[in-house]
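Novice: If you scroll down you'll find the structure; I have some questions about it.
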Amino acid sequence: MVTQQRPRTAAKPPAPPRPRERGSLLSRWDLKASPYLYIAPFFLVFAVFGLFPLLYTAWVSLHNWDLGGDGGFIGFGNYATLFGDPDFWNAVVNTLGMLVLATVPQLLLAMVVAALLNQQLRARLLLRMGVLLPIVTSVAAVGIVFSQIFDRDAGMVNGLLHLVGISPVDWRADKWSSWVAISTMVDWRWTGYNSLIYLAAMQSIPRELYEAATVDGASKIRQFRSITVPMIRPAIVFTVIMSTIAGMQLFTEPLIFGQGTYAISGGSLRQFQTVSMYMFEKAFRDADLGYGSAIAWMIFLLITILAVVNFLVTRRSSK
């Protein structure tokens, strides 16, 4: 018997590899490149309005530059003159003095206010919104009002001192008195802002820690020292650094406090002139842009040094 064999079918050739899909390429490219595109506008704006002015100011500080233009390259001549300038160092002392008088009471008071706002109080939302009112107030209006409050002849502060038998104080005539008046102005404006930062940090602390401390018999003050302050240390570091930066750039409050011919000079004896005011005086009143740029860079370096010192001190105290 003859069996009929079935014809063999030819084996199909292997399918060619599929071309890479365009959609997958675009999705991978989008995944890798889109984050950089999202943040690119910030860096472009920073390069134009932040980095370029910073570098250009450094270039101008190396020249004898006035309103008429570049008067020639002098290297570090402006900085050499600056280090021997007694008015500059007087402005540095004034700035640091007002920085300490404004920052330390401000942050301590802000922590107390935040601790009070963190309690179960009536109308807490209204109180929390109320501490923000000084921030939304115009700094020019604040300066004018406080200048009248600390007026020598008709000021409210001298009126209160008179009630307790203390002679009136000429707040603009002396270093310490003018520092106190300007620092009070700064404290009133920024205490509420810092207190809300501390309040936000306090609300992230687990309530179980306070309940356990209460069971162990710890008082409210002990709980504040042993639980609250260590747990909000990052917020404290932030406010200290930001207050230092703002204090080194203090300008508007002492300028308005001057009220007169010697306003930009910080008084007739430069008793409350800050570094920013001295920079403005040299750059725009005296038209010495090279020297003013050197002062601006010294402000930048002083802020950097103080910020690093504050960070190291607070970091060391946390260990």
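Letters A, B, ... go to the chains of the structure tokens in the order shown; residues in each chain start at 1; ligands are counted from 1 in the same order.
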Using only C-alpha atoms, which protein or nucleic acid residues come within 7 Å of Pro134 of chain A? Drop anything in the same chain fewer than 3 positions from it, and give the result as a list in words.
Specialist: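 Neighbouring residues, sequence-local ones excluded: Val131, Thr137, Trp188 and Arg189 of chain A.
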Novice: Could you save those same residues with all heavy atoms as a PDB file, in the first residue's frame?
Specialist:
ATOM      1  N   VAL A 131      -2.026  88.636  63.493  1.00  0.00           N
ATOM      2  CA  VAL A 131      -0.580  88.831  63.612  1.00  0.00           C
ATOM      3  C   VAL A 131       0.067  89.119  62.265  1.00  0.00           C
ATOM      4  O   VAL A 131       1.234  89.524  62.209  1.00  0.00           O
ATOM      5  CB  VAL A 131       0.092  87.599  64.259  1.00  0.00           C
ATOM      6  CG1 VAL A 131      -0.417  87.373  65.655  1.00  0.00           C
ATOM      7  CG2 VAL A 131      -0.108  86.355  63.403  1.00  0.00           C
ATOM      8  N   THR A 137       1.056  95.990  56.090  1.00  0.00           N
ATOM      9  CA  THR A 137       1.114  97.448  56.209  1.00  0.00           C
ATOM     10  C   THR A 137       2.326  97.985  55.462  1.00  0.00           C
ATOM     11  O   THR A 137       3.406  97.391  55.495  1.00  0.00           O
ATOM     12  CB  THR A 137       1.181  97.867  57.688  1.00  0.00           C
ATOM     13  OG1 THR A 137       0.098  97.267  58.404  1.00  0.00           O
ATOM     14  CG2 THR A 137       1.106  99.367  57.835  1.00  0.00           C
ATOM     15  N   TRP A 188       8.073  95.134  65.477  1.00  0.00           N
ATOM     16  CA  TRP A 188       6.625  95.221  65.303  1.00  0.00           C
ATOM     17  C   TRP A 188       6.207  94.678  63.946  1.00  0.00           C
ATOM     18  O   TRP A 188       5.161  94.042  63.820  1.00  0.00           O
ATOM     19  CB  TRP A 188       6.177  96.670  65.435  1.00  0.00           C
ATOM     20  CG  TRP A 188       4.688  96.834  65.345  1.00  0.00           C
ATOM     21  CD1 TRP A 188       3.773  96.723  66.348  1.00  0.00           C
ATOM     22  CD2 TRP A 188       3.939  97.139  64.155  1.00  0.00           C
ATOM     23  NE1 TRP A 188       2.506  96.943  65.869  1.00  0.00           N
ATOM     24  CE2 TRP A 188       2.581  97.199  64.516  1.00  0.00           C
ATOM     25  CE3 TRP A 188       4.291  97.367  62.818  1.00  0.00           C
ATOM     26  CZ2 TRP A 188       1.569  97.477  63.612  1.00  0.00           C
ATOM     27  CZ3 TRP A 188       3.283  97.642  61.904  1.00  0.00           C
ATOM     28  CH2 TRP A 188       1.947  97.699  62.307  1.00  0.00           C
ATOM     29  N   ARG A 189       7.029  94.877  62.938  1.00  0.00           N
ATOM     30  CA  ARG A 189       6.646  94.484  61.581  1.00  0.00           C
ATOM     31  C   ARG A 189       6.807  92.990  61.340  1.00  0.00           C
ATOM     32  O   ARG A 189       5.990  92.380  60.640  1.00  0.00           O
ATOM     33  CB  ARG A 189       7.485  95.283  60.571  1.00  0.00           C
ATOM     34  CG  ARG A 189       7.151  94.974  59.132  1.00  0.00           C
ATOM     35  CD  ARG A 189       7.820  95.959  58.216  1.00  0.00           C
ATOM     36  NE  ARG A 189       7.697  95.566  56.818  1.00  0.00           N
ATOM     37  CZ  ARG A 189       6.601  95.763  56.084  1.00  0.00           C
ATOM     38  NH1 ARG A 189       5.559  96.345  56.609  1.00  0.00           N
ATOM     39  NH2 ARG A 189       6.550  95.380  54.819  1.00  0.00           N
TER      40      ARG A 189
END
Novice: Write out as a ChimeraX atom specification the residues lying within 7 Å of segment 167-174 of chain A, counting only C-alpha atoms and excluding same-chain residues fewer than 3 positions away.
Specialist: /A:150,152,158,161-162,177-178,181,271
Novice: When you count only C-alpha atoms, which of these residues is closest to Val308 of chain A: A:Val215, A:Ala296, A:Val240, A:Ile264?
Specialist: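 Once distances to Val308 of chain A are computed over only C-alpha atoms, the minimum belongs to A:Val240.
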Novice: Can you tell me which residues surround segment 144-146 of chain A at a distance of at most 8 Å, considering only C-alpha atoms, apart from same-chain residues fewer than 3 positions away, and format the answer as an mmCIF file with N, CA and C atoms, in the first residue's frame?
Specialist:
data_model
loop_
_atom_site.group_PDB
_atom_site.id
_atom_site.type_symbol
_atom_site.label_atom_id
_atom_site.label_comp_id
_atom_site.auth_asym_id
_atom_site.auth_seq_id
_atom_site.Cartn_x
_atom_site.Cartn_y
_atom_site.Cartn_z
ATOM 1 N N ALA A 140 6.638 102.232 54.521
ATOM 2 C CA ALA A 140 6.743 103.691 54.622
ATOM 3 C C ALA A 140 5.781 104.232 55.676
ATOM 4 N N ALA A 141 4.554 103.681 55.707
ATOM 5 C CA ALA A 141 3.591 104.109 56.719
ATOM 6 C C ALA A 141 4.065 103.733 58.117
ATOM 7 N N ILE A 149 5.875 108.409 66.911
ATOM 8 C CA ILE A 149 5.799 107.826 68.258
ATOM 9 C C ILE A 149 7.065 108.127 69.045
ATOM 10 N N PHE A 150 8.210 108.090 68.362
ATOM 11 C CA PHE A 150 9.486 108.348 69.032
ATOM 12 C C PHE A 150 9.954 109.791 68.843
ATOM 13 N N ALA A 181 14.873 102.545 68.845
ATOM 14 C CA ALA A 181 13.673 102.987 68.136
ATOM 15 C C ALA A 181 13.510 102.253 66.812
ATOM 16 N N MET A 185 10.695 99.248 65.600
ATOM 17 C CA MET A 185 9.949 99.311 64.351
ATOM 18 C C MET A 185 10.040 97.979 63.591
ATOM 19 N N ILE A 256 13.559 106.543 56.796
ATOM 20 C CA ILE A 256 12.373 107.330 57.137
ATOM 21 C C ILE A 256 12.491 107.890 58.547
ATOM 22 N N PHE A 257 13.148 107.141 59.426
ATOM 23 C CA PHE A 257 13.330 107.607 60.794
ATOM 24 C C PHE A 257 14.171 108.883 60.840
#
Novice: Tell me which of A:Ala201, A:Leu196, A:Val313, A:Leu82 sits closest to Met129 of chain A, counting only C-alpha atoms.
Specialist: A:Leu196
Novice: Using only C-alpha atoms, which of the listed residues (A:Leu125, A:Leu54, A:Ile182, A:Ile245) sits closest to Gln273 of chain A?
Specialist: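 Selected residue with least distance to Gln273 of chain A: A:Ile182.
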Novice: Rank nothing, just name the residue among A:Thr191, A:Ser226, A:Thr57, A:Thr81 nearest to Leu109 of chain A, using only C-alpha atoms.
Specialist: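 Going through A:Thr191, A:Ser226, A:Thr57, A:Thr81 one by one, the smallest distance to Leu109 of chain A is for A:Thr191.
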Novice: For a test of reading the model, state the distance in Å between atom CA of Leu209 of chain A and atom CA of Ile227 of chain A, rounded to one decimal.
Specialist: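 It comes out at 7.5 Å.
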Novice: Quick one: pick out all helix (DSSP H, G or I) residues within segment 15-245 of chain A from a backbone DSSP run and write them as a PyMOL selection string.
Specialist: chain A and resi 22-61+77-83+86-117+124-130+133-136+139-149+156-163+175-203+207-215+220-231+233-245
Novice: As a VMD selection string, please: the residues near Val275 of chain A (cut-off 9 Å, only C-alpha atoms, same-chain neighbours under 6 positions excluded).
Specialist: chain A and resid 88 to 95 248 to 251 295 to 296 299
Novice: So that I can check the surroundings of Ala283 of chain A, please list as a compact mmCIF listing (two decimals) with C-alpha atoms, in the first residue's frame every protein, DNA and RNA residue that reaches within 12 Å of it, counting only C-alpha atoms and ignoring chain neighbours fewer than 3 positions away.
Specialist:
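Result written to result.txt:
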# COMPACT_ATOMS: atom_id res chain seq x y z
CA THR A 57 28.45 94.74 40.15
CA VAL A 60 32.07 97.70 38.26
CA SER A 61 33.63 97.52 41.74
CA ASN A 64 36.77 103.97 38.89
CA TRP A 65 33.19 104.28 37.69
CA ASP A 66 30.92 107.29 37.98
CA LEU A 67 27.71 108.38 36.28
CA ILE A 264 20.61 109.16 54.10
CA SER A 276 22.84 99.78 52.77
CA MET A 277 22.33 103.49 53.41
CA TYR A 278 26.07 104.12 53.07
CA MET A 279 26.10 102.21 49.78
CA PHE A 280 23.21 104.33 48.46
CA ASP A 286 28.14 111.05 45.45
CA ALA A 287 27.88 109.35 42.00
CA ASP A 288 30.74 106.93 42.80
CA LEU A 289 29.31 103.73 41.35
CA GLY A 290 32.57 101.80 41.62
CA TYR A 291 32.87 102.47 45.34
CA GLY A 292 29.17 101.80 45.86
CA SER A 293 29.52 98.46 44.06
CA ALA A 294 32.40 97.54 46.35
CA ILE A 295 30.18 98.28 49.37
CA ALA A 296 27.42 96.14 47.84
Novice: Any idea what the distance is between atom CA of Arg124 of chain A and atom CA of Ser204 of chain A?
Specialist: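 Atom CA of Ser204 of chain A lies at a distance of 17.1 Å from atom CA of Arg124 of chain A.
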Novice: May I ask for the distance between atom CA of Gln148 of chain A and atom CA of Leu132 of chain A, given in Å to one decimal place?
Specialist: 22.6 Å
